[in-house]
$ cat final.cif   # mmCIF, C-alpha atoms
data_data
loop_
_atom_site.label_atom_id
_atom_site.label_comp_id
_atom_site.auth_asym_id
_atom_site.auth_seq_id
_atom_site.Cartn_x
_atom_site.Cartn_y
_atom_site.Cartn_z
CA MET A 1 -6.60 13.87 23.20
CA LYS A 2 -4.74 13.15 26.46
CA LYS A 3 -5.54 9.45 26.06
CA ILE A 4 -4.15 9.48 22.51
CA LYS A 5 -0.89 11.12 23.68
CA ILE A 6 -0.46 8.49 26.41
CA MET A 7 -1.03 5.67 23.91
CA PHE A 8 1.51 7.22 21.52
CA ALA A 9 4.05 7.34 24.34
CA VAL A 10 3.49 3.64 25.12
CA VAL A 11 3.82 2.63 21.45
CA ALA A 12 6.94 4.79 21.06
CA MET A 13 8.56 3.07 24.05
CA LEU A 14 7.73 -0.39 22.72
CA LEU A 15 8.83 0.30 19.16
CA ALA A 16 12.13 1.84 20.28
CA THR A 17 13.43 -1.41 21.80
CA GLY A 18 15.75 -2.28 18.93
CA VAL A 19 13.78 -3.34 15.86
CA TYR A 20 15.82 -2.89 12.67
CA ALA A 21 14.41 -3.27 9.14
CA GLN A 22 12.76 -6.66 9.56
CA LYS A 23 10.11 -7.78 7.05
CA GLN A 24 6.88 -9.71 7.56
CA ALA A 25 3.71 -10.36 5.58
CA LEU A 26 0.55 -8.64 6.79
CA LEU A 27 -2.86 -10.02 5.82
CA VAL A 28 -5.88 -7.80 6.45
CA SER A 29 -9.26 -9.56 6.34
CA TYR A 30 -12.67 -7.94 5.94
CA SER A 31 -15.93 -9.32 7.31
CA GLN A 32 -18.30 -11.00 4.86
CA THR A 33 -21.32 -10.79 7.17
CA ASP A 34 -23.14 -7.80 5.64
CA ASN A 35 -21.13 -7.09 2.50
CA VAL A 36 -23.68 -8.29 -0.12
CA TYR A 37 -27.01 -6.84 -1.30
CA GLU A 38 -29.30 -8.28 -3.97
CA ASP A 39 -32.70 -7.41 -5.44
CA GLU A 40 -34.50 -8.12 -8.73
CA TYR A 41 -32.30 -5.62 -10.60
CA ILE A 42 -28.79 -5.81 -9.16
CA LYS A 43 -26.34 -7.63 -6.92
CA ALA A 44 -23.77 -5.51 -5.06
CA GLU A 45 -20.70 -6.71 -3.16
CA LEU A 46 -17.99 -5.04 -1.12
CA VAL A 47 -14.82 -6.94 -2.02
CA ARG A 48 -12.31 -5.61 0.49
CA LEU A 49 -12.64 -1.86 -0.24
CA SER A 50 -13.91 -2.19 -3.81
CA LEU A 51 -17.59 -2.04 -4.77
CA LYS A 52 -18.74 -4.45 -7.48
CA ILE A 53 -22.29 -4.19 -8.89
CA THR A 54 -23.85 -6.74 -11.24
CA ASN A 55 -26.68 -5.55 -13.49
CA LYS A 56 -29.04 -8.52 -13.68
CA THR A 57 -31.41 -6.91 -16.20
CA ASN A 58 -31.42 -6.60 -20.00
CA LYS A 59 -31.30 -2.78 -19.92
CA PRO A 60 -28.86 -0.18 -18.56
CA LEU A 61 -29.10 0.88 -14.92
CA PHE A 62 -27.57 4.06 -13.50
CA VAL A 63 -25.77 4.71 -10.20
CA ASP A 64 -26.39 8.23 -8.89
CA ARG A 65 -22.85 8.93 -7.71
CA SER A 66 -23.70 12.42 -6.42
CA SER A 67 -26.16 10.84 -3.97
CA SER A 68 -24.05 7.81 -3.05
CA PHE A 69 -21.50 7.63 -0.25
CA TYR A 70 -18.74 5.63 1.36
CA TYR A 71 -18.32 5.85 5.12
CA ILE A 72 -15.09 5.02 6.94
CA ASN A 73 -16.01 4.97 10.61
CA ASP A 74 -17.79 8.36 10.92
CA GLU A 75 -16.37 10.01 7.80
CA ALA A 76 -18.69 10.34 4.77
CA ILE A 77 -17.10 10.39 1.30
CA CYS A 78 -19.19 11.17 -1.80
CA LEU A 79 -18.60 8.84 -4.75
CA ASP A 80 -18.87 11.81 -7.10
CA GLU A 81 -15.55 13.69 -7.10
CA LYS A 82 -17.24 16.84 -8.51
CA HIS A 83 -19.98 16.88 -5.90
CA ASP A 84 -18.30 19.51 -3.69
CA ASP A 85 -17.61 21.83 -6.65
CA ASN A 86 -21.23 22.13 -7.74
CA VAL A 87 -24.12 21.30 -5.42
CA ASN A 88 -26.45 20.94 -8.41
CA HIS A 89 -24.14 18.57 -10.27
CA MET A 90 -25.64 15.19 -11.13
CA SER A 91 -23.36 12.28 -11.98
CA PHE A 92 -24.77 8.97 -13.17
CA GLN A 93 -22.60 5.94 -13.84
CA PRO A 94 -24.18 3.53 -16.33
CA LEU A 95 -24.22 -0.19 -15.59
CA ALA A 96 -24.25 -2.24 -18.79
CA PRO A 97 -26.95 -4.94 -19.16
CA LYS A 98 -26.02 -8.39 -17.87
CA SER A 99 -22.55 -7.38 -16.74
CA ASP A 100 -20.32 -6.63 -13.75
CA THR A 101 -19.09 -3.11 -13.02
CA TRP A 102 -16.50 -1.96 -10.50
CA VAL A 103 -18.16 1.24 -9.30
CA SER A 104 -15.38 2.51 -7.10
CA THR A 105 -12.29 1.73 -5.06
CA LEU A 106 -11.88 3.44 -1.72
CA ILE A 107 -8.57 4.94 -0.68
CA ASN A 108 -7.09 2.72 2.02
CA PRO A 109 -5.86 4.47 5.19
CA ILE A 110 -4.09 1.35 6.52
CA ARG A 111 -1.15 1.53 4.13
CA GLY A 112 1.64 4.00 4.70
CA LYS A 113 4.51 4.93 6.97
CA TYR A 114 4.05 4.78 10.75
CA ASP A 115 6.32 6.62 13.17
CA ALA A 116 6.01 6.32 16.95
CA GLY A 117 7.40 9.83 17.20
CA GLY A 118 4.29 11.40 15.70
CA GLY A 119 1.11 10.81 13.73
CA ARG A 120 0.10 11.68 10.19
CA GLY A 121 -2.61 14.29 9.99
CA LYS A 122 -3.63 17.60 8.49
CA ALA A 123 -1.42 20.66 8.43
CA GLY A 124 -1.11 22.26 11.85
CA GLY A 125 -1.58 18.95 13.62
CA LYS A 126 -5.38 19.04 13.54
CA ALA A 127 -6.73 15.69 14.72
CA ASN A 128 -8.96 13.61 12.44
CA TYR A 129 -10.46 10.13 12.40
CA GLN A 130 -7.40 8.71 10.69
CA SER A 131 -5.21 9.63 13.65
CA ASP A 132 -7.20 7.33 15.91
CA LEU A 133 -7.43 4.62 13.24
CA ARG A 134 -3.70 4.62 12.54
CA LEU A 135 -2.88 4.74 16.24
CA GLN A 136 -4.87 1.55 16.76
CA VAL A 137 -3.08 -0.05 13.79
CA MET A 138 0.23 0.83 15.47
CA ASN A 139 -0.82 -0.82 18.71
CA TYR A 140 -2.07 -3.98 17.01
CA MET A 141 1.07 -4.22 14.88
CA GLU A 142 3.33 -3.84 17.91
CA THR A 143 1.36 -6.50 19.80
CA MET A 144 1.84 -8.99 16.95
CA ARG A 145 5.46 -7.99 16.34
CA TYR A 146 6.27 -8.46 20.03
CA GLU A 147 4.69 -11.94 20.05
CA LEU A 148 6.71 -13.09 17.03
CA ALA A 149 9.92 -11.47 18.27
CA ASN A 150 9.72 -13.32 21.57
CA ASN A 151 9.02 -16.71 20.02
CA GLN A 152 11.47 -17.24 17.17
CA LYS A 153 9.95 -20.60 16.21
CA LYS A 154 6.47 -19.15 15.77
CA SER A 155 5.59 -18.59 12.12
CA CYS A 156 2.58 -16.29 12.55
CA THR A 157 0.30 -14.50 14.96
CA SER A 158 -3.16 -13.02 14.54
CA ILE A 159 -5.83 -10.78 16.04
CA HIS A 160 -9.56 -11.28 15.47
CA LEU A 161 -11.93 -8.32 15.78
CA THR A 162 -15.72 -8.20 16.02
CA GLY A 163 -17.71 -5.43 14.40
CA ASP A 164 -17.81 -3.51 17.69
CA GLU A 165 -14.06 -3.95 18.27
CA SER A 166 -12.81 -3.15 14.77
CA PHE A 167 -10.74 -0.01 14.23
CA MET A 168 -12.03 0.37 10.64
CA LYS A 169 -15.67 0.00 9.67
CA VAL A 170 -16.74 0.63 6.09
CA LYS A 171 -20.27 1.29 4.87
CA VAL A 172 -21.59 2.06 1.38
CA TYR A 173 -24.88 3.84 0.65
CA ILE A 174 -25.91 3.62 -3.02
CA LYS A 175 -28.78 5.23 -4.92
CA TYR A 176 -29.50 3.89 -8.40
CA ASP A 177 -32.11 4.43 -11.12
CA VAL A 178 -33.70 1.66 -13.19
CA THR A 179 -34.96 4.04 -15.92
CA ASN A 180 -33.19 5.81 -18.77
CA ARG A 181 -34.26 9.24 -17.51
CA ARG A 182 -30.87 10.01 -16.01
CA SER A 183 -31.18 13.80 -16.19
CA SER A 184 -34.77 14.03 -15.06
CA THR A 185 -35.50 16.10 -11.94
CA ASP A 186 -39.03 14.78 -11.75
CA GLU A 187 -39.00 11.83 -9.35
CA LYS A 188 -42.28 10.61 -10.86
CA GLU A 189 -40.45 9.97 -14.15
CA SER A 190 -37.78 7.83 -12.54
CA GLU A 191 -37.67 4.68 -10.46
CA GLN A 192 -34.99 5.04 -7.81
CA HIS A 193 -33.77 2.49 -5.29
CA THR A 194 -31.27 2.63 -2.44
CA PHE A 195 -29.33 0.09 -0.42
CA THR A 196 -26.60 -0.08 2.20
CA ILE A 197 -23.89 -2.71 2.70
CA SER A 198 -20.98 -2.76 5.12
CA THR A 199 -17.81 -4.52 6.21
CA TRP A 200 -15.05 -4.12 8.77
CA VAL A 201 -11.48 -5.22 9.38
CA SER A 202 -12.08 -8.57 11.09
CA ASP A 203 -8.62 -10.16 11.16
CA LEU A 204 -4.98 -9.08 11.19
CA ILE A 205 -2.37 -11.77 10.52
CA LEU A 206 1.38 -11.16 10.72
CA SER A 207 3.27 -14.04 9.13
CA LYS A 208 6.55 -15.38 7.80
CA TYR A 209 6.41 -15.59 4.03
CA TYR A 210 8.17 -15.80 0.69
CA ILE A 211 7.25 -14.48 -2.75
CA GLN A 212 7.12 -16.81 -5.74
CA ASP A 213 7.88 -14.22 -8.42
CA GLN A 214 6.24 -14.25 -11.82
CA ASP A 215 8.23 -15.83 -14.63
CA LYS A 216 10.11 -13.70 -17.10
CA PHE A 217 9.38 -13.86 -20.81
CA LYS A 218 10.92 -16.94 -22.43
CA ARG A 219 12.08 -16.54 -26.02
CA THR A 220 12.72 -19.02 -28.82
CA ASN A 221 13.85 -18.43 -32.41
CA ALA A 222 10.34 -19.00 -33.72
CA VAL A 223 7.98 -17.48 -31.19
CA ASN A 224 7.83 -15.59 -27.92
CA ILE A 225 6.46 -17.73 -25.12
CA GLN A 226 5.13 -15.88 -22.11
CA GLY A 227 5.90 -17.46 -18.75
CA ARG A 228 3.65 -17.57 -15.70
CA MET A 229 2.60 -13.93 -15.11
CA THR A 230 1.53 -14.47 -11.54
CA ASP A 231 2.95 -13.21 -8.25
CA ILE A 232 2.31 -15.74 -5.50
CA MET A 233 2.62 -14.94 -1.80
CA HIS A 234 3.20 -18.02 0.38
CA VAL A 235 2.43 -17.37 4.07
CA PHE A 236 3.12 -19.74 6.96
CA ALA A 237 -0.25 -19.29 8.63
CA ASN A 238 -3.58 -21.08 8.66
CA ARG A 239 -6.42 -19.90 6.44
CA PRO A 240 -8.83 -18.06 8.81
CA PHE A 241 -11.97 -19.01 6.86
CA GLU A 242 -13.11 -20.35 3.49
CA TYR A 243 -13.58 -17.89 0.63
CA ASP A 244 -13.73 -17.59 -3.14
CA GLU A 245 -10.28 -16.58 -4.41
CA ASP A 246 -11.81 -14.32 -7.09
CA LYS A 247 -13.70 -12.43 -4.37
CA SER A 248 -11.12 -12.72 -1.64
CA PRO A 249 -11.83 -10.57 1.45
CA ILE A 250 -8.09 -10.47 2.20
CA ASP A 251 -5.63 -7.72 1.30
CA MET A 252 -1.97 -8.75 1.06
CA TYR A 253 0.74 -6.38 2.31
CA LEU A 254 4.41 -6.40 3.21
CA THR A 255 5.65 -4.68 6.34
CA GLN A 256 9.10 -3.39 7.14
CA PHE A 257 9.96 -2.70 10.78
CA ASP A 258 12.66 -0.19 11.63
CA LYS A 259 13.76 1.45 14.86
CA GLY A 260 10.69 3.21 16.28
CA LYS A 261 8.73 3.00 13.03
CA PHE A 262 7.40 0.68 10.35
CA THR A 263 5.93 0.81 6.85
CA ILE A 264 2.98 -1.11 5.40
CA TYR A 265 2.93 -1.40 1.61
CA ARG A 266 1.20 -3.61 -0.92
CA LEU A 267 2.82 -6.53 -2.70
CA GLY A 268 4.45 -5.16 -5.86
CA ALA A 269 4.45 -1.58 -4.57
CA SER A 270 6.48 1.18 -6.19
CA ASP A 271 9.67 2.36 -4.49
CA ALA A 272 7.90 5.62 -3.58
CA GLU A 273 5.24 3.72 -1.64
CA LYS A 274 7.81 1.54 0.13
CA GLU A 275 9.64 4.66 1.26
CA GLY A 276 6.41 6.30 2.40
CA LYS A 277 6.65 9.13 -0.14
CA GLN A 278 3.76 11.09 -1.63
CA GLU A 279 1.26 9.64 0.81
CA LYS A 280 -2.17 11.19 1.15
CA SER A 281 -2.85 12.72 4.56
CA GLY A 282 -5.92 13.78 6.50
CA ALA A 283 -9.27 12.23 5.63
CA ALA A 284 -9.43 9.26 3.31
CA GLY A 285 -10.37 11.47 0.34
CA ALA A 286 -12.68 10.82 -2.56
CA ALA A 287 -13.31 7.40 -4.04
CA ALA A 288 -11.10 6.45 -6.97
CA GLY A 289 -12.19 7.95 -10.28
CA LYS A 290 -10.97 8.89 -13.74
CA GLY A 291 -8.42 11.45 -14.89
CA ARG A 292 -5.35 10.49 -12.84
CA ASP A 293 -1.93 10.68 -14.38
CA LYS A 294 0.43 7.72 -14.22
CA LYS A 295 2.59 9.18 -11.44
CA ASN A 296 -0.37 9.71 -9.11
CA GLU A 297 -1.82 6.31 -9.98
CA GLU A 298 1.35 4.58 -8.84
CA SER A 299 1.54 6.39 -5.50
CA GLU A 300 -2.14 6.34 -4.53
CA ILE A 301 -2.98 4.51 -1.34
CA LYS A 302 -5.88 2.29 -2.25
CA SER A 303 -7.16 -1.22 -1.77
CA ASN A 304 -5.09 -3.57 -3.94
CA PHE A 305 -7.99 -5.41 -5.61
CA GLU A 306 -7.47 -3.81 -9.03
CA GLU A 307 -3.72 -4.32 -8.84
CA ARG A 308 -4.28 -7.95 -7.87
CA ASN A 309 -6.76 -8.38 -10.70
CA LYS A 310 -4.26 -7.06 -13.26
CA THR A 311 -1.16 -8.88 -12.02
CA ARG A 312 -3.05 -11.97 -10.84
CA GLN A 313 -1.44 -12.09 -7.42
CA VAL A 314 -2.28 -15.27 -5.52
CA LEU A 315 -2.19 -16.13 -1.83
CA ILE A 316 -1.17 -19.62 -0.69
CA TRP A 317 -1.63 -20.71 2.93
CA GLU A 318 1.26 -22.98 3.88
CA GLY A 319 -0.08 -23.51 7.41
CA GLU A 320 1.29 -22.53 10.81
CA THR A 321 4.53 -24.23 11.83
CA THR A 322 7.09 -24.26 14.65
CA ASN A 323 9.99 -24.55 12.19
CA TRP A 324 9.20 -21.93 9.57
CA VAL A 325 12.74 -21.75 8.14
CA GLN A 326 12.73 -25.46 7.21
CA ALA A 327 9.12 -25.22 5.99
CA LEU A 328 10.07 -22.27 3.80
CA GLN A 329 13.05 -24.15 2.36
CA ASP A 330 10.96 -27.24 1.58
CA SER A 331 8.16 -25.25 -0.04
CA TYR A 332 10.54 -23.11 -2.09
CA GLU A 333 12.46 -26.18 -3.29
CA SER A 334 9.22 -27.88 -4.30
CA TYR A 335 8.02 -24.99 -6.46
CA LEU A 336 11.44 -24.65 -8.15
CA ILE A 337 11.33 -28.33 -9.12
CA GLU A 338 7.74 -27.93 -10.37
CA ASP A 339 8.95 -25.04 -12.54
CA GLY A 340 11.51 -27.34 -14.17
CA MET A 341 14.68 -26.81 -12.14
CA LYS A 342 16.90 -29.81 -11.50
CA PRO A 343 16.55 -31.19 -7.93
CA LYS A 344 20.14 -30.52 -6.78
CA LYS A 345 20.11 -26.93 -8.02
CA ALA A 346 16.64 -26.40 -6.53
CA ARG A 347 17.82 -27.74 -3.17
CA ASP A 348 20.84 -25.42 -3.14
CA GLU A 349 18.80 -22.37 -4.13
CA ALA A 350 16.15 -23.20 -1.53
CA LYS A 351 18.77 -23.49 1.23
CA ASP A 352 20.20 -20.12 0.24
CA LYS A 353 16.73 -18.58 0.11
CA ALA A 354 15.81 -19.93 3.56
CA LYS A 355 19.07 -18.64 5.04
CA LYS A 356 18.45 -15.13 3.68
CA GLU A 357 14.82 -15.08 4.80
CA LYS A 358 15.80 -16.20 8.31
CA VAL A 359 17.97 -13.11 8.59
CA ALA A 360 15.40 -10.78 7.03
CA GLN A 361 12.38 -12.09 8.98
CA THR A 362 13.75 -12.86 12.43
CA LEU A 363 12.37 -10.04 14.56
CA LYS A 364 14.46 -8.68 17.40
CA PRO A 365 12.76 -8.62 20.85
#
$ encode --input "final.cif" --output "structure tokens"
Amino acid sequence: MKKIKIMFAVVAMLLATGVYAQKQALLVSYSQTDNVYEDEYIKAELVRLSLKITNKTNKPLFVDRSSSFYYINDEAICLDEKHDDNVNHMSFQPLAPKSDTWVSTLINPIRGKYDAGGGRGKAGGKANYQSDLRLQVMNYMETMRYELANNQKKSCTSIHLTGDESFMKVKVYIKYDVTNRRSSTDEKESEQHTFTISTWVSDLILSKYYIQDQDKFKRTNAVNIQGRMTDIMHVFANRPFEYDEDKSPIDMYLTQFDKGKFTIYRLGASDAEKEGKQEKSGAAGAAAGKGRDKKNEESEIKSNFEERNKTRQVLIWEGETTNWVQALQDSYESYLIEDGMKPKKARDEAKDKAKKEKVAQTLKP
């Protein structure tokens, strides 16, 4: 506890050196070393903090949620939200034949509001694993912010973490049944299997960026023509490794630095999330499930895979550069022309965009 207090004091001193509402892109990468399991019945993958299971057979399979768990560092979280209410409760999630199923999305403790003046924990200040996790995030973020602030030409900075070094390690233990006897208590009448897969935060990248917003609806007298419904984040950093875009191990966030504090929120976040309101505290909580109302759905802190899947957000690596303002202007102008804007107007808009982003993204030492 004494060590944690000392580290908080150091971070508070560093963050209080005059940083005012400056934005950057934050890319959080997850290891793909042990995140896949496959047998004759299923294939399971941890995609960031979402669990995808493919039923390879021609019959339904069933995940025993009451006996399946997520682990964040040392904290176990049952996939069945009703598990704590009734110890005898059995919850089976069916997996349709020859299909993919997103079994669960884990609440993400990285997002939220960080304040060097104090941590976020349970009522009464009781320490929990998230205090240590978020404290390490604060230290890594300040390290990267300091590096960019003291080299104005630098477009990005990064930190690579091994499994032993990572501040957030995620493991999933799943039990599933290959029979249709879902309610049977006789193990002889069922065929159960278990597996474990894991991942960890392997890379943090803080980068200059711009957002290529999705097109608005275009209307004609005869028919409504929908424009490009895709949010594209352009970052001025190098791709850390090759990956399949549909199964990207990278979460995309925006960060806003203020005096002595900063906020991490997902691309396309609600105003409540940007302001750090209605955040969950304490342990990570149960895995995402059914029955949420719209208000809670918008404010929940979770991995942004489902949001990305719905809004089709895309990440484009522009590459690291020593003149990010000019690179941003050139890239922005190019996409405007590709979208049909006349070259002169595109050039003028790109210059204006680059000028505004230089102000918004130039970190103060």
$ resolve_selection --input "final.cif" --expression "the PyMOL selection byres ((chain A and resi 141) around 10)" --output "compact mmCIF listing (two decimals) with C-alpha atoms, in the frame of the given file"
# COMPACT_ATOMS: atom_id res chain seq x y z
CA VAL A 11 3.82 2.63 21.45
CA LEU A 15 8.83 0.30 19.16
CA LEU A 26 0.55 -8.64 6.79
CA LEU A 135 -2.88 4.74 16.24
CA GLN A 136 -4.87 1.55 16.76
CA VAL A 137 -3.08 -0.05 13.79
CA MET A 138 0.23 0.83 15.47
CA ASN A 139 -0.82 -0.82 18.71
CA TYR A 140 -2.07 -3.98 17.01
CA GLU A 142 3.33 -3.84 17.91
CA THR A 143 1.36 -6.50 19.80
CA MET A 144 1.84 -8.99 16.95
CA ARG A 145 5.46 -7.99 16.34
CA TYR A 146 6.27 -8.46 20.03
CA GLU A 147 4.69 -11.94 20.05
CA SER A 158 -3.16 -13.02 14.54
CA ILE A 159 -5.83 -10.78 16.04
CA LEU A 204 -4.98 -9.08 11.19
CA ILE A 205 -2.37 -11.77 10.52
CA LEU A 206 1.38 -11.16 10.72
CA THR A 255 5.65 -4.68 6.34
CA PHE A 257 9.96 -2.70 10.78
CA PHE A 262 7.40 0.68 10.35
$ resolve_selection --input "final.cif" --expression "the PyMOL selection byres ((chain A and resi 248) around 9)" --output "ChimeraX atom specification"
/A:29,47-48,243-247,249-251,305
$ resolve_selection --input "final.cif" --expression "the PyMOL selection byres ((chain A and resi 58) around 7)" --output "short mmCIF file (atom, residue, chain, number, x, y, z; two decimals) with C-alpha atoms, in the coordinates of the input"
data_model
loop_
_atom_site.label_atom_id
_atom_site.label_comp_id
_atom_site.auth_asym_id
_atom_site.auth_seq_id
_atom_site.Cartn_x
_atom_site.Cartn_y
_atom_site.Cartn_z
CA THR A 57 -31.41 -6.91 -16.20
CA LYS A 59 -31.30 -2.78 -19.92
CA PRO A 97 -26.95 -4.94 -19.16
CA LYS A 98 -26.02 -8.39 -17.87
#
$ closest_residue --input "final.cif" --among "A:Val178, A:Ile232, A:Val172, A:Leu46" --to "Ala96 in chain A" --atoms "only C-alpha atoms"
A:Val178
$ atom_distance --input "final.cif" --atom1 "CA of Pro365 in chain A" --atom2 "CA of Phe236 in chain A"
20.2 Å
$ atom_distance --input "final.cif" --atom1 "CA of Met341 in chain A" --atom2 "CA of Ser207 in chain A"
27.3 Å
$ closest_residue --input "final.cif" --among "A:Ile197, A:Leu148, A:Leu95, A:Met168" --to "Val36 in chain A" --atoms "all atoms listed in the file"
A:Ile197
$ atom_distance --input "final.cif" --atom1 "CA of Thr54 in chain A" --atom2 "CA of Tyr37 in chain A"
10.4 Å
$ residues_around --input "final.cif" --residues "Ser99 in chain A" --least-positions-apart "5" --cutoff "12 Å" --atoms "all atoms listed in the file" --output "ChimeraX atom specification"
/A:41-44,52-61,94
$ closest_residue --input "final.cif" --among "A:Lys169, A:Ile174, A:Tyr114, A:Thr196" --to "Cys78 in chain A" --atoms "only C-alpha atoms"
A:Ile174
$ residues_around --input "final.cif" --residues "range 193-195 of chain A" --least-positions-apart "3" --cutoff "7 Å" --atoms "all atoms listed in the file" --output "MDAnalysis selection string"
chainID A and resid 173:177
